[in-house]
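See below for run23.tsv, which holds TSV, C-alpha atoms.
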```
chain	number	residue	atom	x	y	z
A	1349	MET	CA	18.25	5.41	8.54
A	1350	THR	CA	16.44	5.91	11.86
A	1351	TYR	CA	15.08	3.22	14.16
A	1352	ARG	CA	13.18	4.14	17.33
A	1353	GLU	CA	11.69	2.02	20.10
A	1354	LEU	CA	8.97	3.30	22.41
A	1355	ALA	CA	7.75	1.79	25.66
A	1356	PRO	CA	4.31	0.16	25.39
A	1357	PRO	CA	1.31	1.47	27.34
A	1358	THR	CA	1.15	0.13	30.91
A	1359	GLY	CA	-1.68	-2.25	30.11
A	1360	LEU	CA	0.40	-3.93	27.43
A	1361	LEU	CA	3.66	-4.38	29.35
A	1362	PRO	CA	3.02	-8.09	30.08
A	1363	VAL	CA	2.71	-9.00	26.39
A	1364	VAL	CA	4.44	-6.22	24.39
A	1365	ALA	CA	8.19	-5.60	24.41
A	1366	CYS	CA	8.02	-2.28	22.56
A	1367	LEU	CA	6.41	-0.19	19.86
A	1368	TRP	CA	8.79	0.81	17.11
A	1369	GLU	CA	9.23	2.94	14.00
A	1370	HIS	CA	11.76	2.61	11.24
A	1371	ASP	CA	12.59	5.17	8.56
A	1372	ALA	CA	14.88	3.69	5.93
A	1373	PRO	CA	16.11	5.25	2.70
A	1374	PRO	CA	14.98	3.49	-0.49
A	1375	GLY	CA	17.13	0.55	-1.49
A	1376	HIS	CA	18.85	0.30	1.90
A	1377	GLU	CA	19.51	-3.31	2.93
A	1378	GLN	CA	18.25	-4.26	6.37
A	1379	ARG	CA	19.33	-7.52	8.03
A	1380	ILE	CA	16.78	-8.91	10.48
A	1381	ILE	CA	17.96	-11.56	12.92
A	1382	PRO	CA	16.00	-13.92	15.20
A	1383	ASP	CA	14.98	-12.45	18.56
A	1384	GLY	CA	12.26	-14.85	19.77
A	1385	CYS	CA	9.53	-12.31	19.04
A	1386	VAL	CA	6.58	-11.94	16.70
A	1387	ASP	CA	5.78	-8.47	15.35
A	1388	LEU	CA	2.68	-6.86	13.88
A	1389	VAL	CA	4.01	-4.55	11.19
A	1390	ARG	CA	2.68	-2.03	8.70
A	1391	LEU	CA	5.06	-2.71	5.83
A	1392	ASP	CA	4.80	-1.04	2.41
A	1393	GLY	CA	1.18	-0.15	3.13
A	1394	GLU	CA	0.23	-3.69	4.17
A	1395	LEU	CA	-0.42	-4.91	7.72
A	1396	VAL	CA	1.38	-8.20	8.32
A	1397	VAL	CA	2.28	-10.62	11.08
A	1398	VAL	CA	6.04	-11.23	11.07
A	1399	GLY	CA	6.55	-14.66	12.60
A	1400	ALA	CA	9.50	-15.69	14.73
A	1401	ASP	CA	12.50	-16.17	12.45
A	1402	THR	CA	14.93	-19.08	12.66
A	1403	GLY	CA	17.50	-17.44	10.40
A	1404	PRO	CA	18.45	-14.07	8.93
A	1405	VAL	CA	16.10	-12.13	6.67
A	1406	VAL	CA	17.49	-9.44	4.39
A	1407	ALA	CA	14.92	-6.81	3.44
A	1408	VAL	CA	15.49	-4.14	0.80
A	1409	PRO	CA	12.83	-1.41	0.55
A	1410	ALA	CA	11.61	-0.53	-2.92
A	1411	ALA	CA	13.41	2.23	-4.79
A	1412	THR	CA	10.80	4.81	-3.85
A	1413	PRO	CA	10.92	7.77	-1.46
A	1414	ALA	CA	11.66	6.72	2.12
A	1415	SER	CA	8.61	5.63	4.08
A	1416	ARG	CA	7.97	4.82	7.71
A	1417	THR	CA	7.45	1.28	8.92
A	1418	SER	CA	5.54	0.96	12.21
A	1419	GLY	CA	5.33	-2.11	14.38
A	1420	ILE	CA	4.50	-3.63	17.73
A	1421	ARG	CA	6.79	-6.36	19.09
A	1422	LEU	CA	5.25	-9.12	21.19
A	1423	ARG	CA	7.28	-10.59	24.02
A	1424	PRO	CA	8.53	-14.18	23.69
A	1425	GLY	CA	5.68	-16.39	24.88
A	1426	ALA	CA	2.89	-13.91	24.10
A	1427	ALA	CA	2.39	-14.44	20.37
A	1428	GLY	CA	0.20	-17.53	20.53
A	1429	ALA	CA	-2.31	-15.87	22.86
A	1430	VAL	CA	-2.35	-12.52	21.04
A	1431	LEU	CA	-2.73	-14.07	17.60
A	1432	GLY	CA	-5.24	-16.68	18.71
A	1433	LEU	CA	-3.38	-19.52	17.00
A	1434	PRO	CA	-0.16	-21.51	17.53
A	1435	ALA	CA	2.74	-19.16	16.85
A	1436	SER	CA	4.41	-21.96	14.89
A	1437	GLU	CA	1.85	-21.37	12.12
A	1438	VAL	CA	3.54	-18.07	11.24
A	1439	ARG	CA	7.15	-19.10	11.94
A	1440	ASP	CA	9.55	-17.76	9.28
A	1441	GLN	CA	6.62	-16.15	7.46
A	1442	ARG	CA	5.09	-12.74	6.74
A	1443	VAL	CA	1.32	-13.27	6.84
A	1444	PRO	CA	-1.38	-10.64	6.16
A	1445	LEU	CA	-3.03	-9.80	9.48
A	1446	ALA	CA	-6.42	-10.04	7.77
A	1447	ASP	CA	-5.77	-13.78	7.33
A	1448	VAL	CA	-5.05	-14.17	11.05
A	1449	TRP	CA	-7.72	-11.80	12.38
A	1450	PRO	CA	-10.44	-11.82	9.71
A	1451	ASP	CA	-12.82	-10.12	12.14
A	1452	VAL	CA	-10.72	-6.97	12.76
A	1453	GLY	CA	-7.70	-7.18	10.44
A	1454	PRO	CA	-9.25	-5.58	7.33
A	1455	ALA	CA	-10.78	-2.69	9.28
A	1456	LEU	CA	-7.52	-2.07	11.14
A	1457	ALA	CA	-5.54	-2.06	7.89
A	1458	ALA	CA	-7.96	0.47	6.42
A	1459	ALA	CA	-7.73	2.69	9.50
A	1460	LEU	CA	-3.93	2.57	9.44
A	1461	SER	CA	-3.83	3.54	5.77
A	1462	THR	CA	-5.54	6.86	6.52
A	1463	ALA	CA	-4.05	7.53	9.95
A	1464	HIS	CA	-1.33	10.08	10.56
A	1465	PRO	CA	2.05	8.33	11.05
A	1466	ALA	CA	2.11	9.40	14.70
A	1467	GLY	CA	-1.24	7.68	15.29
A	1468	ARG	CA	-0.46	4.32	13.74
A	1469	LEU	CA	1.31	2.93	16.77
A	1470	ASP	CA	-1.58	3.96	18.98
A	1471	LEU	CA	-4.03	2.11	16.71
A	1472	LEU	CA	-1.89	-1.03	16.81
A	1473	ALA	CA	-1.50	-0.84	20.58
A	1474	ARG	CA	-5.22	-0.38	21.22
A	1475	THR	CA	-6.05	-3.31	18.95
A	1476	VAL	CA	-3.66	-5.62	20.82
A	1477	LEU	CA	-4.98	-4.37	24.16
A	1478	HIS	CA	-8.53	-5.30	23.14
A	1479	ARG	CA	-7.37	-8.89	22.58
A	1480	ARG	CA	-7.01	-9.20	26.38
A	1481	ALA	CA	-4.32	-11.83	25.86
A	1482	GLU	CA	-2.03	-13.17	28.56
A	1483	ARG	CA	1.53	-14.30	28.06
A	1484	ASP	CA	2.19	-17.98	28.75
A	1485	GLY	CA	3.76	-17.79	32.21
A	1486	LEU	CA	5.52	-21.13	31.90
A	1487	VAL	CA	7.15	-20.14	28.62
A	1488	ALA	CA	8.07	-16.70	29.96
A	1489	ALA	CA	9.82	-18.33	32.92
A	1490	ALA	CA	11.59	-20.78	30.61
A	1491	ALA	CA	12.77	-17.93	28.37
A	1492	ARG	CA	14.27	-16.14	31.38
A	1493	GLN	CA	16.11	-19.27	32.52
A	1494	LEU	CA	17.32	-20.10	29.01
A	1495	GLY	CA	18.79	-16.61	28.92
A	1496	THR	CA	21.23	-17.61	31.68
A	1497	PRO	CA	24.68	-18.82	30.54
A	1498	GLY	CA	25.07	-22.56	30.98
A	1499	SER	CA	21.34	-23.27	31.15
A	1500	ARG	CA	20.13	-26.71	30.06
A	1501	ILE	CA	16.65	-27.51	28.75
A	1502	ALA	CA	16.31	-30.61	30.95
A	1503	VAL	CA	17.20	-28.58	34.05
A	1504	VAL	CA	14.86	-25.73	33.09
A	1505	ALA	CA	11.97	-28.15	32.55
A	1506	ASP	CA	12.68	-29.86	35.87
A	1507	ASP	CA	12.84	-26.52	37.70
A	1508	LEU	CA	9.45	-25.59	36.24
A	1509	GLY	CA	7.94	-28.95	37.18
A	1510	VAL	CA	7.13	-30.14	33.64
A	1511	SER	CA	8.54	-32.68	31.20
A	1512	GLU	CA	10.81	-31.61	28.36
A	1513	ARG	CA	8.11	-32.68	25.91
A	1514	HIS	CA	5.49	-30.51	27.62
A	1515	LEU	CA	7.85	-27.53	27.71
A	1516	HIS	CA	8.63	-28.01	24.02
A	1517	ARG	CA	4.95	-28.14	23.07
A	1518	ARG	CA	4.09	-25.01	25.05
A	1519	THR	CA	7.08	-23.09	23.71
A	1520	VAL	CA	6.33	-23.97	20.09
A	1521	ALA	CA	2.73	-22.80	20.53
A	1522	ALA	CA	3.61	-19.56	22.35
A	1523	VAL	CA	6.85	-18.52	20.62
A	1524	GLY	CA	6.89	-20.35	17.29
A	1525	TYR	CA	9.79	-22.71	17.93
A	1526	GLY	CA	11.14	-24.89	20.71
A	1527	PRO	CA	13.40	-24.30	23.73
A	1528	LYS	CA	16.57	-25.31	21.85
A	1529	MET	CA	16.12	-22.53	19.29
A	1530	LEU	CA	15.08	-20.11	22.02
A	1531	GLY	CA	18.34	-20.90	23.83
A	1532	ARG	CA	20.34	-20.15	20.68
A	1533	VAL	CA	18.61	-16.80	20.34
A	1534	ALA	CA	19.30	-16.02	24.00
A	1535	ARG	CA	23.01	-16.73	23.53
A	1536	LEU	CA	23.13	-14.47	20.48
A	1537	ARG	CA	21.48	-11.65	22.41
A	1538	ARG	CA	23.98	-12.07	25.26
A	1539	LEU	CA	26.80	-11.90	22.72
A	1540	ILE	CA	25.42	-8.68	21.24
A	1541	GLY	CA	25.15	-7.19	24.73
A	1542	LEU	CA	28.80	-8.00	25.44
A	1543	SER	CA	29.88	-6.15	22.29
A	1544	ALA	CA	28.83	-2.89	23.94
A	1545	GLY	CA	31.21	-3.44	26.87
A	1546	PRO	CA	35.00	-3.20	27.21
A	1547	PRO	CA	36.94	-4.70	24.26
A	1548	SER	CA	37.70	-8.41	24.65
A	1549	SER	CA	38.69	-11.37	22.51
A	1550	LEU	CA	36.12	-13.42	20.63
A	1551	ALA	CA	37.06	-16.45	22.73
A	1552	ASP	CA	36.34	-14.50	25.92
A	1553	ARG	CA	33.03	-13.23	24.58
A	1554	ALA	CA	32.06	-16.75	23.51
A	1555	ALA	CA	32.69	-18.10	27.01
A	1556	ARG	CA	30.85	-15.25	28.74
A	1557	ALA	CA	27.86	-15.54	26.39
A	1558	GLY	CA	27.52	-19.24	27.16
A	1559	TYR	CA	28.93	-20.91	24.04
A	1560	ALA	CA	30.89	-24.15	24.43
A	1561	SER	CA	33.78	-22.70	22.40
A	1562	GLN	CA	34.67	-19.98	19.92
A	1563	ALA	CA	33.98	-22.45	17.10
A	1564	HIS	CA	30.54	-23.11	18.56
A	1565	MET	CA	29.87	-19.38	18.65
A	1566	SER	CA	31.03	-18.90	15.05
A	1567	ASP	CA	28.78	-21.70	13.83
A	1568	GLU	CA	25.68	-20.38	15.59
A	1569	VAL	CA	26.29	-16.75	14.64
A	1570	ARG	CA	26.65	-17.71	10.97
A	1571	ARG	CA	23.48	-19.80	11.16
A	1572	LEU	CA	21.41	-17.06	12.80
A	1573	THR	CA	22.81	-13.97	11.08
A	1574	GLY	CA	24.45	-15.12	7.86
A	1575	ARG	CA	27.68	-13.36	8.85
A	1576	THR	CA	30.90	-14.06	10.71
A	1577	PRO	CA	30.96	-12.95	14.38
A	1578	VAL	CA	33.45	-10.16	13.60
A	1579	ARG	CA	31.38	-8.76	10.73
A	1580	PHE	CA	28.08	-9.17	12.55
A	1581	LEU	CA	29.21	-7.55	15.80
A	1582	GLU	CA	30.51	-4.45	14.00
A	1583	ASP	CA	26.97	-3.12	13.64
A	1584	ALA	CA	24.92	-5.27	16.04
A	1585	ALA	CA	22.71	-3.60	18.62
A	1586	LEU	CA	20.20	-5.06	21.05
A	1587	THR	CA	16.53	-4.38	20.44
A	1588	ALA	CA	13.70	-4.89	22.92
A	1589	ALA	CA	12.56	-8.50	23.15
```
How does this structure look as structure tokens?
Amino acid sequence: MTYRELAPPTGLLPVVACLWEHDAPPGHEQRIIPDGCVDLVRLDGELVVVGADTGPVVAVPAATPASRTSGIRLRPGAAGAVLGLPASEVRDQRVPLADVWPDVGPALAAALSTAHPAGRLDLLARTVLHRRAERDGLVAAAARQLGTPGSRIAVVADDLGVSERHLHRRTVAAVGYGPKMLGRVARLRRLIGLSAGPPSSLADRAARAGYASQAHMSDEVRRLTGRTPVRFLEDAALTAA
């Protein structure tokens, strides 16, 4: 199995975290965990919008020769503007892009079906660039602050000069879910990052990642990944988000 991430073109840096390709052998189980992002993906010949997940998704490719999946990952806070609808409408869903972009989705899907694998990412990138979308700056700032250990939603909202209700509404529209879930995802990503450093106890990692306790960490990791922290961290690796 091979997974590759590529930097987006300069013009897409504000809204796109990365372009990616994935070659998986047939029948190989892939566990997808929440990362606060929405992806546009060519999956099994179909172009779909993969909404922000609130729990683990286990995908198993069909028992056919290995094929390449191509995708473009939108930064947290950019999905609502790029899609042209509240990101919450695709949360925890895989929706045909033609249903979201009826004006360009069918033509793009047709072009991708005949394009050389190396050209698919370029087609996806140029289509997103033509949307001329801008990431929600308030939500982007909130996501950065929520990524700090010990952050509190009330404090983040106050620092940004908005009410908690306003921040929640903007985050749901731009990301797909609210600040509380975004904070959980941020803690999980910090935990994954710590697994690449010097060996340490789970209790130490929990504290450094921003969990209230090791039990708190275990509960959230199970909820978001479907695995225990020990089992999950054996193979976990950060992806662009």
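Straight-line separation from atom CA of Gly1393 of chain A to atom CA of Pro1454 of chain A: 12.5 Å.
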Item to check | Gap from atom CA of Val1438 of chain A to atom CA of Ala1426 of chain A - Å, one decimal | outcome: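 Computed distance, atom CA of Val1438 of chain A to atom CA of Ala1426 of chain A, equals 13.5 Å.
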Checklist entry - Within 10 Å of segment 1546-1550 of chain A, counting only C-alpha atoms, which residues qualify if same-chain residues fewer than 2 places away don't, as a ChimeraX atom specification? => result /A:1539,1542-1544,1552-1556,1561-1563,1565-1566,1577-1578
Checklist entry - What is the distance between atom CA of Val1523 of chain A and atom CA of Gly1359 of chain A, in Å to one decimal? => result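 Between atom CA of Val1523 of chain A and atom CA of Gly1359 of chain A the gap works out to 20.7 Å.
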Checklist entry - Near segment 1361-1370 of chain A, within 7 Å and counting all atoms listed in the file, which residues show up once chain neighbours fewer than 4 positions away are dropped, as a list in words? => result Thr1350, Tyr1351, Arg1352, Glu1353, Leu1354, Ala1355, Pro1356, Pro1357, Arg1416, Thr1417, Ser1418, Gly1419, Ile1420, Arg1421, Leu1422, Arg1423, Ala1426, Leu1469, Glu1482, Arg1483, Ala1588 and Ala1589 of chain A
Which protein, DNA or RNA residues are at most 10 Å from (-5.7, -6.7, 22.9) in the file's coordinates when you count only C-alpha atoms, listed as a short mmCIF file (atom, residue, chain, number, x, y, z; two decimals) with C-alpha atoms, keeping the file's coordinate frame?
```cif
data_model
loop_
_atom_site.label_atom_id
_atom_site.label_comp_id
_atom_site.auth_asym_id
_atom_site.auth_seq_id
_atom_site.Cartn_x
_atom_site.Cartn_y
_atom_site.Cartn_z
CA GLY A 1359 -1.68 -2.25 30.11
CA LEU A 1360 0.40 -3.93 27.43
CA VAL A 1363 2.71 -9.00 26.39
CA ALA A 1429 -2.31 -15.87 22.86
CA VAL A 1430 -2.35 -12.52 21.04
CA LEU A 1431 -2.73 -14.07 17.60
CA LEU A 1472 -1.89 -1.03 16.81
CA ALA A 1473 -1.50 -0.84 20.58
CA ARG A 1474 -5.22 -0.38 21.22
CA THR A 1475 -6.05 -3.31 18.95
CA VAL A 1476 -3.66 -5.62 20.82
CA LEU A 1477 -4.98 -4.37 24.16
CA HIS A 1478 -8.53 -5.30 23.14
CA ARG A 1479 -7.37 -8.89 22.58
CA ARG A 1480 -7.01 -9.20 26.38
CA ALA A 1481 -4.32 -11.83 25.86
CA GLU A 1482 -2.03 -13.17 28.56
#
```
Next on the checklist: Show me, as a PyMOL selection string, the residues that have an atom within 7 Å of segment 1394-1396 of chain A when counting all atoms listed in the file, minus same-chain residues fewer than 6 positions from it.
Outcome noted: chain A and resi 1388+1442-1445+1457
Centre and size of axis-aligned box enclosing segment 1583-1589 of chain A plus 8 Å each side, as lines of an AutoDock Vina configuration file:
```
center_x = 19.8
center_y = -5.8
center_z = 18.4
size_x = 30.4
size_y = 21.4
size_z = 25.5
```
Next on the checklist: What's around Arg1518 of chain A at 12 Å? Count only C-alpha atoms, leave out sequence neighbours fewer than 5 positions away in its own chain, and write the answer as a list in words.
Outcome noted: Pro1424, Gly1425, Ala1426, Ala1427, Gly1428, Ala1429, Pro1434, Ala1435, Ser1436, Arg1483, Asp1484, Gly1485, Leu1486, Val1487, Ala1488, Ala1489, Ala1490, Ala1491, Ala1505, Val1510, Ser1511, Glu1512, Arg1513, Val1523, Gly1524, Tyr1525, Gly1526 and Pro1527 of chain A
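Residue nearest Pro1382 of chain A, chosen from A:Asp1440, A:Asp1567, A:Asp1583, A:Asp1507 and counting all atoms listed in the file: A:Asp1440.
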Starting from the incomplete input, reconstruct N, CA and C atoms of segment 1451-1464 of chain A and report them as a short mmCIF file (atom, residue, chain, number, x, y, z; two decimals), in the coordinates of the input.
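So rebuild-v2.cif came out as:
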```
data_model
loop_
_atom_site.label_atom_id
_atom_site.label_comp_id
_atom_site.auth_asym_id
_atom_site.auth_seq_id
_atom_site.Cartn_x
_atom_site.Cartn_y
_atom_site.Cartn_z
N ASP A 1451 -11.75 -10.94 11.56
CA ASP A 1451 -12.82 -10.12 12.14
C ASP A 1451 -12.43 -8.65 12.26
N VAL A 1452 -11.14 -8.36 12.56
CA VAL A 1452 -10.72 -6.97 12.76
C VAL A 1452 -9.58 -6.55 11.84
N GLY A 1453 -8.87 -7.51 11.26
CA GLY A 1453 -7.70 -7.18 10.44
C GLY A 1453 -7.98 -6.24 9.30
N PRO A 1454 -8.99 -6.49 8.46
CA PRO A 1454 -9.25 -5.58 7.33
C PRO A 1454 -9.58 -4.16 7.77
N ALA A 1455 -10.40 -4.03 8.81
CA ALA A 1455 -10.78 -2.69 9.28
C ALA A 1455 -9.57 -1.96 9.86
N LEU A 1456 -8.72 -2.69 10.58
CA LEU A 1456 -7.52 -2.07 11.14
C LEU A 1456 -6.59 -1.61 10.03
N ALA A 1457 -6.41 -2.43 9.01
CA ALA A 1457 -5.54 -2.06 7.89
C ALA A 1457 -6.06 -0.79 7.21
N ALA A 1458 -7.37 -0.71 7.05
CA ALA A 1458 -7.96 0.47 6.42
C ALA A 1458 -7.75 1.71 7.28
N ALA A 1459 -7.92 1.56 8.59
CA ALA A 1459 -7.73 2.69 9.50
C ALA A 1459 -6.27 3.16 9.49
N LEU A 1460 -5.34 2.22 9.45
CA LEU A 1460 -3.93 2.57 9.44
C LEU A 1460 -3.54 3.30 8.15
N SER A 1461 -4.19 2.94 7.05
CA SER A 1461 -3.83 3.54 5.77
C SER A 1461 -4.18 5.03 5.72
N THR A 1462 -5.14 5.45 6.52
CA THR A 1462 -5.54 6.86 6.52
C THR A 1462 -5.06 7.61 7.76
N ALA A 1463 -4.48 6.90 8.71
CA ALA A 1463 -4.05 7.53 9.95
C ALA A 1463 -2.76 8.31 9.75
N HIS A 1464 -2.59 9.34 10.55
CA HIS A 1464 -1.33 10.08 10.56
C HIS A 1464 -0.25 9.15 11.08
#
```
